[in-house]
Amino acid sequence: GENVEQHPSTLSVQEGDSAVIKCTYSDSASNYFPWYKQELGKRPQLIIDIRSNVGEKKDQRIAVTLNKTAKHFSLHITETQPEDSAVYFCAASRGEGSNYKLTFGKGTLLTVNP
Amino acid sequence: ETGVTQSPTHLIKTRGQQVTLRCSSQSGHNTVSWYQQALGQGPQFIFQYYREEENGRGNFPPRFSGLQFPNYSSELNVNALELDDSALYLCASSLLGVQETQYFGPGTRLLVL
């Protein structure tokens with residue numbers, strides 16, 4: 001089955017700096033890659049996702065890149081703010097024709113210091 | 001906030017007991033997936049329900065079972081509770097066949113003593 005590795009497990013940055021979180025996946029049939037943000041005691045919230053027919057997607061300060069050949073994808077947050085502090089999870093799933101089961105990485109605790 | 005709701009929010013049980021957790025999907029969604037999130041870990045897929053049938057299962061024993069109702073709400077049942085079942089149980093709703101995006105509920109935190 002699919003295996004998703006996520007690095008780093010913790011990341012501390014100064015406000016205004018950029019943060020990058022990287023994930024690799026094992027199943028070459030995976031073609032949907034969402035990122036979730038989970039604040040303490042709250043639900044995972046989708047912040048951005050990318051499909052395999054796209055190499056990069058951006059939404060304001062957040063961007064995701066995908067390299068299908070190398071089977072890795074990354075989350076980039078620019079101009080970080082204290083409210084970006086949370087645990088971030090990457091995930092992968094096969095798309096159409098499957099049940100879209102999500103396989104998650106173990107998470108990255110991002111701390112943005114004011 | 002998503003329209004996905006779960007009940008109860010917290011639950012304490014003892015080993016060997018049984019528990020039922022409930023999930024109401026977002027309006028217009030036909031699929032509910034259940035995940036177990038242990039402390040400090042990413043969510044792990046338990047199973048998914050689509051059109052009242054199980055549509056895929058993760059690596060969980062048969063004592064984890066579920067139901068989906070005609071209104072697309074769902075239940076997760078766990079029998080013979082073990083200490084390791086202590087976790088946050090999340091449900092996620094989606095519209096299978098249209099888009100794969102899954103929206104999570106707030107979760108039920110289960111503690112087994």
# chains A, B, ... in the order shown; residues from 1 in each chain; ligands from 1
$ interface_residues --of "chain B" --to "chain A" --cutoff "9 Å" --atoms "only C-alpha atoms" --output "MDAnalysis selection string"
chainID B and resid 1:2 33 40:45 47:48 50 55:58 90 96:107
$ residues_around --residues "Asp85 of chain B" --least-positions-apart "5" --cutoff "12 Å" --atoms "only C-alpha atoms" --output "number ranges by chain"
B: 11-19, 35-39, 60-61, 63-64, 77-80, 109-113
$ write_last_selection --atoms "C-alpha atoms" --output "short mmCIF file (atom, residue, chain, number, x, y, z; two decimals), in the first residue's frame"
data_model
loop_
_atom_site.label_atom_id
_atom_site.label_comp_id
_atom_site.auth_asym_id
_atom_site.auth_seq_id
_atom_site.Cartn_x
_atom_site.Cartn_y
_atom_site.Cartn_z
CA LEU B 11 -15.99 9.75 25.70
CA ILE B 12 -14.43 7.64 28.45
CA LYS B 13 -14.83 3.86 28.38
CA THR B 14 -13.21 0.89 30.06
CA ARG B 15 -11.50 -2.06 28.42
CA GLY B 16 -13.89 -4.59 26.93
CA GLN B 17 -16.76 -2.15 26.51
CA GLN B 18 -18.36 -1.16 23.23
CA VAL B 19 -18.70 2.35 21.79
CA TYR B 35 -9.96 7.87 10.48
CA GLN B 36 -8.19 7.15 13.76
CA GLN B 37 -5.65 9.72 14.92
CA ALA B 38 -3.37 8.64 17.76
CA LEU B 39 -1.59 11.35 19.72
CA PHE B 60 -8.18 -2.43 11.32
CA PRO B 61 -9.65 -5.58 12.91
CA ARG B 63 -14.25 -5.29 15.86
CA PHE B 64 -14.25 -1.92 14.09
CA ASN B 77 -18.79 0.96 16.27
CA VAL B 78 -15.88 -0.48 18.20
CA ASN B 79 -16.36 -3.67 20.22
CA ALA B 80 -14.15 -5.14 22.93
CA ARG B 109 -11.82 11.93 21.56
CA LEU B 110 -12.06 8.44 23.05
CA LEU B 111 -10.20 7.45 26.19
CA VAL B 112 -10.12 3.77 27.15
CA LEU B 113 -9.13 3.03 30.75
#
$ atom_distance --atom1 "atom CA of Lys58 of chain A" --atom2 "atom CA of Asp84 of chain A"
16.3 Å
$ select_by_dssp --residues "segment 19-89 of chain A" --states "strand (DSSP E)" --output "PyMOL selection string"
chain A and resi 19-25+32-38+45-51+56-59+62-67+72-77+86-89
$ residues_around --residues "segment 67-70 of chain B" --least-positions-apart "4" --cutoff "9 Å" --atoms "only C-alpha atoms" --output "number ranges by chain"
B: 31-32, 49-54, 74-77
$ decode --residues "segment 24-98 of chain A" --atoms "C-alpha atoms" --output "PDB file, in the first residue's frame"
ATOM      1  CA  THR A  24       7.522  11.614  -0.461  1.00  0.00           C
ATOM      2  CA  TYR A  25       5.105   8.881  -1.479  1.00  0.00           C
ATOM      3  CA  SER A  26       5.564   5.328  -2.661  1.00  0.00           C
ATOM      4  CA  ASP A  27       2.518   4.499  -4.827  1.00  0.00           C
ATOM      5  CA  SER A  28       3.046   5.723  -8.384  1.00  0.00           C
ATOM      6  CA  ALA A  29      -0.737   5.450  -8.931  1.00  0.00           C
ATOM      7  CA  SER A  30      -1.413   8.231  -6.408  1.00  0.00           C
ATOM      8  CA  ASN A  31      -2.602  11.357  -8.154  1.00  0.00           C
ATOM      9  CA  TYR A  32      -4.209  13.583  -5.519  1.00  0.00           C
ATOM     10  CA  PHE A  33      -2.165  15.335  -2.830  1.00  0.00           C
ATOM     11  CA  PRO A  34      -3.893  17.507  -0.201  1.00  0.00           C
ATOM     12  CA  TRP A  35      -2.355  19.413   2.670  1.00  0.00           C
ATOM     13  CA  TYR A  36      -4.178  19.852   5.959  1.00  0.00           C
ATOM     14  CA  LYS A  37      -3.542  22.232   8.839  1.00  0.00           C
ATOM     15  CA  GLN A  38      -4.531  21.089  12.312  1.00  0.00           C
ATOM     16  CA  GLU A  39      -4.512  23.487  15.233  1.00  0.00           C
ATOM     17  CA  LEU A  40      -4.410  22.077  18.747  1.00  0.00           C
ATOM     18  CA  GLY A  41      -7.685  20.364  19.596  1.00  0.00           C
ATOM     19  CA  LYS A  42      -9.268  21.175  16.244  1.00  0.00           C
ATOM     20  CA  ARG A  43     -10.191  19.363  13.053  1.00  0.00           C
ATOM     21  CA  PRO A  44      -7.782  19.028  10.120  1.00  0.00           C
ATOM     22  CA  GLN A  45      -8.551  21.812   7.652  1.00  0.00           C
ATOM     23  CA  LEU A  46      -7.734  21.559   3.977  1.00  0.00           C
ATOM     24  CA  ILE A  47      -5.440  24.420   3.009  1.00  0.00           C
ATOM     25  CA  ILE A  48      -4.410  23.462  -0.512  1.00  0.00           C
ATOM     26  CA  ASP A  49      -4.374  20.433  -2.794  1.00  0.00           C
ATOM     27  CA  ILE A  50      -2.791  19.451  -6.079  1.00  0.00           C
ATOM     28  CA  ARG A  51      -3.537  16.858  -8.710  1.00  0.00           C
ATOM     29  CA  SER A  52      -0.983  14.964 -10.721  1.00  0.00           C
ATOM     30  CA  ASN A  53      -1.652  16.821 -13.958  1.00  0.00           C
ATOM     31  CA  VAL A  54      -0.357  20.022 -12.358  1.00  0.00           C
ATOM     32  CA  GLY A  55       3.203  20.732 -11.221  1.00  0.00           C
ATOM     33  CA  GLU A  56       2.548  23.736  -9.011  1.00  0.00           C
ATOM     34  CA  LYS A  57      -0.381  25.504  -7.405  1.00  0.00           C
ATOM     35  CA  LYS A  58      -0.454  28.733  -5.442  1.00  0.00           C
ATOM     36  CA  ASP A  59      -3.011  30.356  -3.146  1.00  0.00           C
ATOM     37  CA  GLN A  60      -1.838  33.666  -1.684  1.00  0.00           C
ATOM     38  CA  ARG A  61       1.033  32.853   0.715  1.00  0.00           C
ATOM     39  CA  ILE A  62       0.746  29.098   0.246  1.00  0.00           C
ATOM     40  CA  ALA A  63       2.075  27.046  -2.654  1.00  0.00           C
ATOM     41  CA  VAL A  64       2.477  23.356  -3.353  1.00  0.00           C
ATOM     42  CA  THR A  65       4.841  21.770  -5.866  1.00  0.00           C
ATOM     43  CA  LEU A  66       4.711  18.206  -7.183  1.00  0.00           C
ATOM     44  CA  ASN A  67       7.424  16.128  -8.837  1.00  0.00           C
ATOM     45  CA  LYS A  68       5.756  12.931 -10.061  1.00  0.00           C
ATOM     46  CA  THR A  69       8.979  11.443 -11.378  1.00  0.00           C
ATOM     47  CA  ALA A  70      10.665  11.697  -8.007  1.00  0.00           C
ATOM     48  CA  LYS A  71       7.390  11.049  -6.153  1.00  0.00           C
ATOM     49  CA  HIS A  72       7.667  14.006  -3.865  1.00  0.00           C
ATOM     50  CA  PHE A  73       5.644  17.126  -3.138  1.00  0.00           C
ATOM     51  CA  SER A  74       6.263  20.151  -0.974  1.00  0.00           C
ATOM     52  CA  LEU A  75       4.348  22.857   0.862  1.00  0.00           C
ATOM     53  CA  HIS A  76       5.751  26.381   0.810  1.00  0.00           C
ATOM     54  CA  ILE A  77       4.493  29.100   3.136  1.00  0.00           C
ATOM     55  CA  THR A  78       5.867  32.605   2.582  1.00  0.00           C
ATOM     56  CA  GLU A  79       5.758  35.586   4.921  1.00  0.00           C
ATOM     57  CA  THR A  80       4.852  33.374   7.860  1.00  0.00           C
ATOM     58  CA  GLN A  81       2.661  34.748  10.635  1.00  0.00           C
ATOM     59  CA  PRO A  82       2.140  33.524  14.224  1.00  0.00           C
ATOM     60  CA  GLU A  83      -1.313  32.233  13.252  1.00  0.00           C
ATOM     61  CA  ASP A  84       0.383  29.829  10.817  1.00  0.00           C
ATOM     62  CA  SER A  85       1.627  27.889  13.880  1.00  0.00           C
ATOM     63  CA  ALA A  86      -0.010  24.448  13.763  1.00  0.00           C
ATOM     64  CA  VAL A  87       0.620  20.848  12.734  1.00  0.00           C
ATOM     65  CA  TYR A  88       0.637  20.367   8.961  1.00  0.00           C
ATOM     66  CA  PHE A  89      -0.131  17.017   7.340  1.00  0.00           C
ATOM     67  CA  CYS A  90       0.475  15.947   3.780  1.00  0.00           C
ATOM     68  CA  ALA A  91      -1.565  13.120   2.283  1.00  0.00           C
ATOM     69  CA  ALA A  92      -1.831  11.118  -0.912  1.00  0.00           C
ATOM     70  CA  SER A  93      -4.568   9.146  -2.585  1.00  0.00           C
ATOM     71  CA  ARG A  94      -5.429   7.422  -5.798  1.00  0.00           C
ATOM     72  CA  GLY A  95      -8.142   9.260  -7.637  1.00  0.00           C
ATOM     73  CA  GLU A  96     -10.898   8.204  -9.938  1.00  0.00           C
ATOM     74  CA  GLY A  97     -11.948   4.581  -9.740  1.00  0.00           C
ATOM     75  CA  SER A  98     -10.874   4.206  -6.129  1.00  0.00           C
TER      76      SER A  98
END
